[in-house]
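Pasted below: protein.cif, mmCIF, C-alpha atoms and all ligand atoms.
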data_target
loop_
_atom_site.label_atom_id
_atom_site.label_comp_id
_atom_site.auth_asym_id
_atom_site.auth_seq_id
_atom_site.Cartn_x
_atom_site.Cartn_y
_atom_site.Cartn_z
CA MET A 88 -2.24 2.80 -10.74
CA THR A 89 -2.62 -0.92 -11.08
CA GLY A 90 -5.48 -2.92 -9.56
CA GLU A 91 -2.90 -4.48 -7.28
CA THR A 92 -2.28 -1.28 -5.39
CA LEU A 93 -5.96 -0.59 -4.58
CA GLY A 94 -6.35 0.07 -0.91
CA ASP A 95 -3.06 -1.48 0.02
CA PRO A 96 -0.78 1.16 1.55
CA SER A 97 2.07 -1.31 1.80
CA LYS A 98 2.13 -1.20 -2.00
CA ALA A 99 2.28 2.60 -2.21
CA VAL A 100 4.35 2.94 -5.36
CA ILE A 101 5.24 5.82 -7.58
CA SER A 102 2.95 4.88 -10.44
CA LYS A 103 2.53 8.44 -11.74
CA PRO A 104 6.06 9.86 -11.67
CA TRP A 105 4.96 13.18 -13.17
CA LEU A 106 2.87 13.89 -10.06
CA PRO A 107 4.12 14.91 -6.60
CA LYS A 108 5.12 11.94 -4.46
CA GLY A 109 2.41 12.77 -1.90
CA CYS A 110 -0.30 12.30 -4.58
CA ASN A 111 0.99 8.82 -5.43
CA TYR A 112 0.57 7.76 -1.79
CA CYS A 113 -2.95 9.22 -1.67
CA PHE A 114 -4.07 7.18 -4.71
CA THR A 115 -3.49 3.93 -2.86
CA GLY A 116 -5.24 5.10 0.30
CA GLY A 117 -1.84 5.09 1.98
CA LYS A 118 -2.06 8.56 3.53
CA ALA A 119 -3.57 9.22 6.94
CA VAL A 120 -5.15 12.66 7.15
CA ILE A 121 -3.99 14.55 10.23
CA PHE A 122 -6.16 17.58 10.97
CA VAL A 123 -3.77 19.26 13.34
CA THR A 124 -5.94 22.27 14.26
CA GLY A 125 -9.05 24.06 13.02
CA LEU A 126 -7.46 27.46 13.69
CA CYS A 127 -7.07 29.64 10.60
CA ASP A 128 -7.32 33.39 9.99
CA ASP A 129 -7.79 33.37 6.22
CA GLY A 130 -11.59 33.42 6.11
CA CYS A 131 -11.98 32.05 2.56
CA PHE A 132 -15.63 32.29 1.50
CA TYR A 133 -15.34 28.86 -0.15
CA CYS A 134 -13.83 27.11 2.90
CA PRO A 135 -15.19 23.52 2.91
CA VAL A 136 -14.07 22.73 6.49
CA SER A 137 -17.01 21.79 8.72
CA ARG A 138 -18.05 24.32 11.34
CA GLU A 139 -17.45 21.67 14.02
CA ARG A 140 -13.76 21.97 13.18
CA LEU A 141 -13.06 25.40 11.67
CA GLY A 142 -11.85 27.97 14.19
CA ARG A 143 -11.54 25.32 16.92
CA ASP A 144 -8.26 23.98 18.17
CA VAL A 145 -9.21 20.33 17.64
CA PHE A 146 -7.11 17.34 16.59
CA TYR A 147 -8.34 14.59 14.27
CA VAL A 148 -6.67 11.63 12.57
CA ASN A 149 -8.78 10.58 9.59
CA GLU A 150 -12.37 10.79 10.89
CA GLU A 151 -11.43 10.32 14.56
CA LYS A 152 -11.25 13.18 17.05
CA ILE A 153 -8.50 11.94 19.32
CA ASP A 154 -6.09 13.01 22.02
CA PHE A 155 -2.71 14.06 20.68
CA GLY A 156 -1.15 11.15 22.59
CA MET A 157 -3.08 8.59 20.49
CA LEU A 158 -1.52 9.73 17.20
CA GLU A 159 0.62 6.64 16.50
CA MET A 160 -2.12 4.22 17.58
CA GLU A 161 -4.61 5.69 15.12
CA ILE A 162 -2.04 5.71 12.27
CA GLU A 163 -1.32 2.03 12.95
CA ARG A 164 -5.05 1.25 12.84
CA SER A 165 -5.22 2.67 9.30
CA GLY A 166 -2.01 0.96 8.14
CA ALA A 167 -0.91 4.23 6.50
CA SER A 168 2.52 4.56 4.91
CA GLY A 169 2.39 8.36 4.96
CA ALA A 170 0.36 11.30 6.21
CA SER A 171 -0.99 14.62 5.03
CA ILE A 172 -1.11 17.37 7.63
CA THR A 173 -3.96 19.79 7.20
CA GLY A 174 -6.37 22.09 9.03
CA GLY A 175 -7.29 25.04 9.45
CA ASP A 176 -3.71 26.13 9.04
CA PRO A 177 -1.18 23.74 10.60
CA LEU A 178 1.25 26.65 10.94
CA ALA A 179 -1.13 28.35 13.37
CA VAL A 180 0.21 25.76 15.84
CA PRO A 181 3.81 25.37 14.62
CA GLY A 182 5.10 23.62 17.78
CA ARG A 183 2.42 20.90 17.58
CA THR A 184 2.93 20.48 13.84
CA VAL A 185 6.69 20.06 14.15
CA SER A 186 6.16 17.64 17.02
CA VAL A 187 3.73 15.54 14.88
CA ILE A 188 6.29 15.34 12.05
CA LYS A 189 9.11 14.32 14.41
CA ARG A 190 6.99 11.69 16.15
CA LEU A 191 5.82 10.15 12.86
CA LYS A 192 9.34 9.94 11.48
CA ARG A 193 10.63 8.49 14.77
CA SER A 194 7.84 5.90 15.01
CA PHE A 195 7.39 4.89 11.37
CA GLY A 196 10.80 5.66 9.84
CA GLN A 197 12.20 8.18 7.37
CA GLU A 198 10.32 6.52 4.48
CA PHE A 199 6.97 7.51 6.01
CA HIS A 200 6.04 10.29 3.57
CA ILE A 201 4.58 13.50 5.03
CA HIS A 202 3.13 16.48 3.20
CA LEU A 203 1.50 19.60 4.65
CA TYR A 204 -0.98 22.26 3.49
CA THR A 205 -0.76 25.92 4.50
CA SER A 206 -1.89 29.29 3.21
CA GLY A 207 1.59 30.54 4.12
CA ARG A 208 0.18 33.28 6.38
CA TYR A 209 2.24 32.17 9.38
CA ALA A 210 5.26 30.91 7.42
CA ASN A 211 8.65 32.53 7.76
CA LYS A 212 12.20 31.39 7.09
CA GLY A 213 12.62 30.05 10.63
CA ILE A 214 9.40 27.99 10.62
CA LEU A 215 9.99 26.65 7.11
CA TRP A 216 13.47 25.54 8.08
CA GLU A 217 12.14 23.90 11.25
CA LEU A 218 9.57 21.93 9.23
CA TYR A 219 12.17 20.82 6.74
CA SER A 220 14.64 19.82 9.48
CA ALA A 221 11.92 17.86 11.33
CA GLY A 222 11.51 15.71 8.19
CA LEU A 223 8.56 17.26 6.30
CA ASP A 224 8.89 15.83 2.78
CA GLU A 225 6.55 18.10 0.85
CA ILE A 226 4.88 21.48 1.45
CA ARG A 227 1.82 22.68 -0.48
CA PHE A 228 0.80 26.33 -0.40
CA HIS A 229 -2.73 27.60 -0.81
CA PRO A 230 -1.98 31.34 -1.15
CA THR A 231 -5.10 33.31 -0.32
CA ARG A 232 -3.62 36.76 -0.91
CA LYS A 233 -0.99 38.28 -3.21
CA HIS A 234 1.45 39.16 -0.44
CA LEU A 235 1.60 35.46 0.57
CA LEU A 236 3.06 34.37 -2.77
CA GLY A 237 6.58 35.21 -1.57
CA LYS A 238 6.34 32.33 0.95
CA ILE A 239 6.46 29.87 -1.95
CA ARG A 240 9.79 31.33 -3.04
CA GLN A 241 11.16 31.20 0.52
CA ALA A 242 10.34 27.48 0.71
CA ALA A 243 11.63 26.71 -2.80
CA ARG A 244 15.03 28.14 -1.77
CA ILE A 245 15.51 25.18 0.59
CA ASP A 246 17.50 22.71 -1.48
CA GLY A 247 15.94 19.32 -2.16
CA TRP A 248 12.52 20.17 -0.70
CA SER A 249 9.36 19.30 -2.66
CA VAL A 250 7.46 22.60 -2.83
CA GLY A 251 4.19 23.15 -4.64
CA VAL A 252 0.81 24.84 -4.70
CA GLU A 253 -2.63 23.32 -4.19
CA VAL A 254 -5.62 25.56 -4.81
CA PRO A 255 -9.33 25.24 -5.57
CA VAL A 256 -10.49 26.09 -9.07
CA ALA A 257 -13.86 27.49 -10.17
CA PRO A 258 -15.15 29.88 -12.84
CA GLY A 259 -14.05 33.40 -11.96
CA PHE A 260 -10.86 32.22 -10.22
CA GLU A 261 -8.88 32.01 -13.47
CA SER A 262 -7.02 35.31 -13.51
CA TRP A 263 -5.91 34.90 -9.85
CA LEU A 264 -4.86 31.30 -10.54
CA LYS A 265 -2.91 32.36 -13.64
CA SER A 266 -0.90 34.79 -11.52
CA ILE A 267 -0.27 32.01 -8.96
CA ILE A 268 0.91 29.59 -11.67
CA GLU A 269 3.22 32.23 -13.19
CA PHE A 270 4.64 33.00 -9.75
CA ALA A 271 5.07 29.35 -8.81
CA ASP A 272 6.93 28.74 -12.07
CA SER A 273 9.27 31.70 -11.58
CA ALA A 274 9.85 30.76 -7.90
CA GLY A 275 10.99 27.25 -8.86
CA ALA A 276 8.04 25.35 -7.33
CA GLY A 277 7.59 21.80 -8.59
CA PHE A 278 3.83 21.58 -9.08
CA VAL A 279 0.46 23.34 -9.00
CA ASN A 280 -2.52 21.10 -8.20
CA LEU A 281 -5.92 22.50 -9.14
CA ASN A 282 -8.79 20.96 -7.16
CA GLU A 283 -12.35 21.24 -8.42
CA LEU A 284 -14.05 23.50 -5.85
CA GLU A 285 -16.19 21.26 -3.67
CA VAL A 286 -19.62 22.20 -2.36
CA SER A 287 -20.21 21.22 1.26
CA PRO A 288 -22.74 22.15 3.95
CA ALA A 289 -20.05 24.53 5.25
CA ASN A 290 -19.77 26.66 2.11
CA ILE A 291 -23.02 26.19 0.17
CA TYR A 292 -24.63 29.47 1.31
CA GLU A 293 -21.53 31.58 0.65
CA LEU A 294 -21.16 30.01 -2.79
CA GLU A 295 -24.80 30.51 -3.71
CA ALA A 296 -24.66 34.12 -2.51
CA ARG A 297 -21.92 34.67 -5.11
CA GLY A 298 -23.88 33.05 -7.90
CA TYR A 299 -22.21 29.63 -7.88
CA LYS A 300 -24.36 26.57 -8.43
CA PRO A 301 -23.64 22.98 -7.40
CA SER A 302 -23.17 20.64 -10.33
CA ARG A 303 -26.06 18.23 -10.88
CA LYS A 304 -23.76 15.19 -11.03
CA LYS A 305 -21.40 15.63 -8.09
CA PRO A 306 -20.83 17.92 -5.08
CA VAL A 307 -18.66 20.49 -6.88
CA VAL A 308 -19.22 23.95 -8.31
CA GLU A 309 -20.70 23.86 -11.81
CA GLY A 310 -18.05 24.64 -14.40
CA ALA A 311 -15.09 24.05 -12.04
CA PHE A 312 -13.69 21.15 -14.05
CA GLU A 313 -13.87 23.09 -17.32
CA ALA A 314 -12.20 26.13 -15.70
CA GLY A 315 -9.40 23.82 -14.50
CA LEU A 316 -8.97 22.32 -17.97
CA ARG A 317 -8.67 25.78 -19.52
CA LEU A 318 -5.92 26.62 -17.03
CA VAL A 319 -4.02 23.38 -17.67
CA ARG A 320 -4.12 24.06 -21.44
CA TRP A 321 -3.08 27.69 -20.93
CA ALA A 322 -0.11 26.62 -18.78
CA ARG A 323 0.92 24.06 -21.40
CA GLU A 324 0.82 26.68 -24.16
CA LYS A 325 2.93 29.01 -22.03
CA GLY A 326 5.55 26.28 -21.69
CA PHE A 327 5.95 26.61 -17.92
CA LYS A 328 8.33 24.22 -16.20
CA VAL A 329 6.02 23.88 -13.20
CA ASN A 330 3.74 20.83 -13.50
CA VAL A 331 0.08 21.99 -13.55
CA HIS A 332 -2.35 19.21 -12.74
CA LEU A 333 -6.16 19.10 -12.40
CA CYS A 334 -7.47 16.82 -9.64
CA PRO A 335 -11.19 15.98 -10.09
CA ALA A 336 -13.25 15.78 -6.88
CA THR A 337 -14.69 12.40 -7.88
CA TYR A 338 -11.17 11.01 -7.92
CA LYS A 339 -10.69 12.11 -4.34
CA ASP A 340 -13.90 10.46 -3.13
CA ALA A 341 -14.13 7.42 -5.40
CA VAL A 342 -10.46 6.49 -5.29
CA GLN A 343 -8.44 8.12 -2.49
CA THR A 344 -10.99 8.07 0.33
CA ARG A 345 -12.42 4.68 -0.67
CA ASN A 346 -8.95 3.14 -0.76
CA ARG A 347 -8.14 4.60 2.65
CA PHE A 348 -11.35 3.11 4.09
CA ILE A 349 -10.61 -0.27 2.51
CA ALA A 350 -7.09 -0.25 3.97
CA THR A 351 -8.40 0.65 7.45
CA GLY A 352 -11.26 -1.87 7.18
CA ARG A 353 -8.86 -4.70 6.31
CA LEU A 354 -6.76 -4.03 9.39
CA ASP A 355 -9.54 -3.26 11.83
CA LEU A 356 -12.33 -5.68 10.87
CA LYS A 357 -14.19 -7.41 13.71
CA PRO A 358 -14.74 -11.18 13.18
CA TYR A 359 -18.46 -10.64 12.51
CA GLU A 360 -18.09 -7.66 10.14
CA VAL A 361 -18.09 -7.73 6.35
CA LEU A 362 -15.99 -5.25 4.35
CA THR A 363 -17.76 -3.95 1.23
CA PRO A 364 -16.01 -2.95 -2.04
CA GLU A 365 -16.85 0.69 -1.16
CA GLY A 366 -14.76 0.50 2.01
CA THR A 367 -17.71 0.41 4.43
CA VAL A 368 -18.31 -2.32 7.03
CA LYS A 369 -21.61 -4.19 7.54
CA TYR A 370 -22.75 -5.89 10.74
CA GLY A 371 -25.92 -7.00 12.49
CA VAL A 372 -27.26 -5.19 15.57
CA LEU A 373 -29.65 -6.28 18.34
CA ARG A 374 -31.11 -3.56 20.58
CA SER A 375 -33.43 -3.36 23.59
CA CYS A 376 -33.19 -7.15 24.19
CA LYS A 377 -35.37 -8.64 26.95
CA VAL A 378 -32.99 -11.63 27.21
CA PRO A 379 -29.28 -11.25 26.32
CA PRO A 380 -28.29 -13.24 23.19
CA SER A 381 -25.49 -15.85 23.24
CA GLY A 382 -21.75 -15.17 23.34
CA GLU A 383 -21.41 -15.02 19.55
CA TYR A 384 -22.70 -11.43 19.80
CA GLU A 385 -20.36 -8.72 21.08
CA TYR A 386 -21.83 -6.35 23.66
CA ILE A 387 -20.90 -2.75 22.71
CA GLY A 388 -22.36 0.23 24.55
CA ASP A 389 -26.01 -0.75 24.94
CA GLU A 390 -26.36 -3.12 21.98
CA TYR A 391 -25.21 -6.51 20.67
CA ARG A 392 -23.36 -6.83 17.35
CA GLY A 393 -22.92 -9.90 15.14
CA LEU A 394 -22.87 -11.11 11.54
CA PRO A 395 -25.02 -9.10 9.08
CA ASP A 396 -27.05 -12.21 8.27
CA ILE A 397 -30.64 -10.94 7.95
CA GLU A 398 -32.33 -14.30 8.63
CA LYS A 399 -30.19 -15.01 11.67
CA ILE A 400 -30.74 -11.51 13.08
CA ARG A 401 -34.52 -11.93 12.63
CA ILE A 402 -34.59 -15.30 14.43
CA THR A 403 -32.33 -14.19 17.30
CA ALA A 404 -34.25 -10.92 17.71
CA SER A 405 -37.58 -12.77 17.92
CA GLN A 406 -36.23 -15.35 20.40
CA HIS A 407 -34.65 -12.74 22.69
CA GLY A 408 -37.22 -9.95 22.39
CA CYS A 409 -34.88 -7.50 20.60
CA LEU A 410 -35.10 -5.01 17.76
CA GLY A 411 -32.93 -6.30 14.90
CA PHE A 412 -30.98 -4.21 12.40
CA VAL A 413 -28.33 -4.52 9.69
CA GLU A 414 -26.03 -1.49 9.66
CA GLU A 415 -23.34 -0.13 7.37
CA ALA A 416 -20.72 2.34 8.56
CA HIS A 417 -17.33 3.83 7.75
CA PRO A 418 -14.55 1.92 9.53
CA THR A 419 -14.17 4.53 12.28
CA ARG A 420 -13.56 3.31 15.85
CA ALA A 421 -17.17 3.88 16.83
CA ARG A 422 -18.43 2.65 13.44
CA LYS A 423 -20.17 5.99 13.00
CA PRO A 424 -21.53 7.85 11.11
CA VAL A 425 -23.81 5.04 10.02
CA ILE A 426 -24.33 5.01 6.25
CA GLU A 427 -27.45 2.91 6.51
CA SER A 428 -29.43 1.27 9.31
CA VAL A 429 -32.14 -1.13 8.15
CA GLN A 430 -34.55 -2.54 10.72
CA VAL A 431 -35.11 -6.22 9.89
CA TYR A 432 -37.15 -7.21 13.01
CA PRO A 433 -39.92 -6.75 13.99
S1 LIG B 501 -7.04 28.74 4.27
FE1 LIG B 501 -8.05 26.74 4.11
S2 LIG B 501 -8.83 26.30 6.18
FE2 LIG B 501 -8.34 28.48 6.09
S3 LIG B 501 -10.29 29.48 5.57
FE3 LIG B 501 -9.15 29.15 3.64
S4 LIG B 501 -9.90 27.16 2.88
FE4 LIG B 501 -10.50 27.29 5.04
#
In structure tokens, what does this structure look like?
Amino acid sequence: MTGETLGDPSKAVISKPWLPKGCNYCFTGGKAVIFVTGLCDDGCFYCPVSRERLGRDVFYVNEEKIDFGMLEMEIERSGASGASITGGDPLAVPGRTVSVIKRLKRSFGQEFHIHLYTSGRYANKGILWELYSAGLDEIRFHPTRKHLLGKIRQAARIDGWSVGVEVPVAPGFESWLKSIIEFADSAGAGFVNLNELEVSPANIYELEARGYKPSRKKPVVEGAFEAGLRLVRWAREKGFKVNVHLCPATYKDAVQTRNRFIATGRLDLKPYEVLTPEGTVKYGVLRSCKVPPSGEYEYIGDEYRGLPDIEKIRITASQHGCLGFVEEAHPTRARKPVIESVQVYP
């Protein structure tokens, strides 16, 4: 990736041709994340999906919980040039998933790249064909049980479809992952992505109960990266055709998510907000004012927002009897969750 492409989805280029096309879009922050449902019957002990979402039939685009009808509007706000469809298991609601794919292709054109994640539990020939016909560009399986491996072969039989595997890696997963890689290779899949197993509030207790420890440096399972490296080397020695790739968790957070925030921030920045290099937005806030401040402050909810100029916020807050803050948030519609809220007056 060149510096030029950072956070600019319009410049989503194939800079790493050995990787799946969907990954190249993610690097530039060019993929919107569509969480199509939280429904899933796989019950993985390591599931990182928050309990606000898992098992609930909810619909999110990026960090926004929205009505299905607002799909295109939210994609436009992020300036995405593609989307990844995830969950839960998107195939638990096949009608909605197919409808999302059709709408995105109709609204943003055939070039709008879409990939989807599924365990394969609900996949069958009919559903796979429907997804392909609707315009799904790439399908990534996360097989959770041996009998689901056959779904990879069913998908790979569809000519011209990009079919691969994306699975978490951690110590103790190696022998299962070796059998997945061998199967994916024999089934004609194009790639196997190994993701360092992430530790989140949703899975920490289950992981610790099984003896896993969080790494001291980042929110992943200790030893996950090394386990992934061993698998990549093993696959290379075996001479498999399938491309086995290790995706470090830091890359996801520090590059993909940051670039997506920067891209959204650029398109959806209020005149008084400042976009930071980390993809967050900063602004000043006046609350509980005795006298309303002038028109240069925007009234939102029950507060006034303006430039994050500490001196100016202090002076205005003292003149109008307000509490003054400087806040930093992700570029979500509501500018929440707040990363930092610093009271600067009184
Ligand atoms: S298949 Fe995915 S969403 Fe479902 S339980 Fe497993 S990790 Fe969670």
>> Using only C-alpha atoms for the distances, tell me which of A:Ala276, A:Leu223, A:Ala311, A:Ala416 is nearest to Leu362 (chain A).
In response: A:Ala416
> Restricting the calculation to only C-alpha atoms and all ligand atoms, which member of A:Gly174, A:Gly259, A:Gly388, A:Gly315 is positioned closest to ligand LIG 501 (chain B)?
Replying inline: A:Gly174
> Residues within 8 Å of ligand LIG 501 (chain B) (only C-alpha atoms and all ligand atoms), as a VMD selection string?
Replying inline: chain A and resid 125 to 136 141 174 to 176 205 to 206 229 to 231
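Near Phe260 (chain A), within a cut-off of 12 Å and counting only C-alpha atoms, sit the residues Tyr133, Thr231, Val254, Ser266, Ile267, Leu281, Asn282, Glu283, Leu284, Tyr299, Val308, Gly310, Ala311, Glu313, Ala314, Gly315, Arg317 and Leu318 of chain A, with same-chain residues fewer than 6 positions away left out.
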Which residues of region 95-174 of chain A come within 12 Å of region 321-339 of chain A, and for each one, what is the closest pair of atoms and their distance in Å to one decimal, counting all atoms listed in the file, sorted by chain and residue number, as CSV?
residue,atom,partner,partner_atom,distance
A:Lys103,CA,A:His332,CA,11.9
A:Pro104,CA,A:Asn330,CA,11.4
A:Trp105,CA,A:Asn330,CA,7.8
A:Leu106,CA,A:Asn330,CA,7.8
A:Pro107,CA,A:Asn330,CA,9.1
A:Cys110,CA,A:Cys334,CA,9.9
A:Cys113,CA,A:Lys339,CA,8.7
A:Phe114,CA,A:Lys339,CA,8.3
A:Thr115,CA,A:Lys339,CA,11.0
A:Gly116,CA,A:Lys339,CA,10.0
>> Env of Pro380 (chain A): 9 Å cut, atoms = only C-alpha atoms, seq-sep filter 6 positions within chain, self excluded. Answer as a PyMOL selection string.
In response: chain A and resi 373+391+403-404+406-407
>> I want to know what sits within 10 Å of Gly382 (chain A), based on all atoms listed in the file, with residues of the same chain fewer than 3 positions away left out; could you give that as a VMD selection string?
In response: chain A and resid 379 385 to 386 391 393
Residues within 9 Å of (0.2, 6.2, 7.7), file coords, all atoms listed in the file, listed as a JSON list (two decimals) with C-alpha atoms, in the frame of the given file:
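File written: part-v4.json
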[["chain", "number", "residue", "atom", "x", "y", "z"],
["A", 96, "PRO", "CA", -0.78, 1.16, 1.55],
["A", 117, "GLY", "CA", -1.84, 5.09, 1.98],
["A", 118, "LYS", "CA", -2.06, 8.56, 3.53],
["A", 119, "ALA", "CA", -3.57, 9.22, 6.94],
["A", 120, "VAL", "CA", -5.15, 12.66, 7.15],
["A", 159, "GLU", "CA", 0.62, 6.64, 16.50],
["A", 161, "GLU", "CA", -4.61, 5.69, 15.12],
["A", 162, "ILE", "CA", -2.04, 5.71, 12.27],
["A", 163, "GLU", "CA", -1.32, 2.03, 12.95],
["A", 164, "ARG", "CA", -5.05, 1.25, 12.84],
["A", 165, "SER", "CA", -5.22, 2.67, 9.30],
["A", 166, "GLY", "CA", -2.01, 0.96, 8.14],
["A", 167, "ALA", "CA", -0.91, 4.23, 6.50],
["A", 168, "SER", "CA", 2.52, 4.56, 4.91],
["A", 169, "GLY", "CA", 2.39, 8.36, 4.96],
["A", 170, "ALA", "CA", 0.36, 11.30, 6.21],
["A", 171, "SER", "CA", -0.99, 14.62, 5.03],
["A", 191, "LEU", "CA", 5.82, 10.15, 12.86],
["A", 195, "PHE", "CA", 7.39, 4.89, 11.37],
["A", 199, "PHE", "CA", 6.97, 7.51, 6.01],
["A", 200, "HIS", "CA", 6.04, 10.29, 3.57],
["A", 201, "ILE", "CA", 4.58, 13.50, 5.03]]
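Between CA of Pro258 (chain A) and CA of Phe312 (chain A) there is a distance of 8.9 Å.
Between CA of Ile268 (chain A) and CA of Arg320 (chain A) the separation is 12.3 Å.
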>> Around the point (-9.4, 15.3, 16.6) (coordinates from the file), which residues reach within 12 Å if we count only C-alpha atoms? Answer as a VMD selection string.
In response: chain A and resid 120 to 125 139 to 141 143 to 158 161 173 to 174
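In this model, the gap between CA of Thr363 (chain A) and CA of Cys376 (chain A) comes to 27.8 Å.
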For region 269-283 of chain A, which lacks atoms in the input, supply N, CA and C atoms and format the output as a PDB file, in the coordinates of the input.
ATOM      1  N   GLU A 269       2.044  31.499 -12.689  1.00  0.00           N
ATOM      2  CA  GLU A 269       3.220  32.230 -13.190  1.00  0.00           C
ATOM      3  C   GLU A 269       4.235  32.420 -12.069  1.00  0.00           C
ATOM      4  N   PHE A 270       3.723  32.784 -10.873  1.00  0.00           N
ATOM      5  CA  PHE A 270       4.640  33.000  -9.750  1.00  0.00           C
ATOM      6  C   PHE A 270       5.312  31.695  -9.338  1.00  0.00           C
ATOM      7  N   ALA A 271       4.516  30.638  -9.239  1.00  0.00           N
ATOM      8  CA  ALA A 271       5.070  29.350  -8.810  1.00  0.00           C
ATOM      9  C   ALA A 271       6.163  28.899  -9.772  1.00  0.00           C
ATOM     10  N   ASP A 272       5.936  29.135 -11.064  1.00  0.00           N
ATOM     11  CA  ASP A 272       6.930  28.740 -12.070  1.00  0.00           C
ATOM     12  C   ASP A 272       8.216  29.544 -11.881  1.00  0.00           C
ATOM     13  N   SER A 273       8.069  30.860 -11.704  1.00  0.00           N
ATOM     14  CA  SER A 273       9.270  31.700 -11.580  1.00  0.00           C
ATOM     15  C   SER A 273       9.984  31.437 -10.254  1.00  0.00           C
ATOM     16  N   ALA A 274       9.233  30.994  -9.227  1.00  0.00           N
ATOM     17  CA  ALA A 274       9.850  30.760  -7.900  1.00  0.00           C
ATOM     18  C   ALA A 274      10.540  29.404  -7.836  1.00  0.00           C
ATOM     19  N   GLY A 275      10.342  28.567  -8.860  1.00  0.00           N
ATOM     20  CA  GLY A 275      10.990  27.250  -8.860  1.00  0.00           C
ATOM     21  C   GLY A 275      10.197  26.178  -8.122  1.00  0.00           C
ATOM     22  N   ALA A 276       8.870  26.404  -7.950  1.00  0.00           N
ATOM     23  CA  ALA A 276       8.040  25.350  -7.330  1.00  0.00           C
ATOM     24  C   ALA A 276       7.921  24.185  -8.293  1.00  0.00           C
ATOM     25  N   GLY A 277       7.625  22.996  -7.759  1.00  0.00           N
ATOM     26  CA  GLY A 277       7.590  21.800  -8.590  1.00  0.00           C
ATOM     27  C   GLY A 277       6.240  21.522  -9.237  1.00  0.00           C
ATOM     28  N   PHE A 278       5.152  21.949  -8.569  1.00  0.00           N
ATOM     29  CA  PHE A 278       3.830  21.580  -9.080  1.00  0.00           C
ATOM     30  C   PHE A 278       2.762  22.573  -8.621  1.00  0.00           C
ATOM     31  N   VAL A 279       1.684  22.615  -9.412  1.00  0.00           N
ATOM     32  CA  VAL A 279       0.460  23.340  -9.000  1.00  0.00           C
ATOM     33  C   VAL A 279      -0.691  22.358  -9.203  1.00  0.00           C
ATOM     34  N   ASN A 280      -1.340  21.976  -8.120  1.00  0.00           N
ATOM     35  CA  ASN A 280      -2.520  21.100  -8.200  1.00  0.00           C
ATOM     36  C   ASN A 280      -3.772  21.962  -8.141  1.00  0.00           C
ATOM     37  N   LEU A 281      -4.651  21.771  -9.122  1.00  0.00           N
ATOM     38  CA  LEU A 281      -5.920  22.500  -9.140  1.00  0.00           C
ATOM     39  C   LEU A 281      -7.016  21.533  -8.725  1.00  0.00           C
ATOM     40  N   ASN A 282      -7.712  21.841  -7.637  1.00  0.00           N
ATOM     41  CA  ASN A 282      -8.790  20.960  -7.160  1.00  0.00           C
ATOM     42  C   ASN A 282     -10.128  21.559  -7.543  1.00  0.00           C
ATOM     43  N   GLU A 283     -10.987  20.774  -8.160  1.00  0.00           N
ATOM     44  CA  GLU A 283     -12.350  21.240  -8.420  1.00  0.00           C
ATOM     45  C   GLU A 283     -12.943  21.743  -7.107  1.00  0.00           C
TER      46      GLU A 283
END
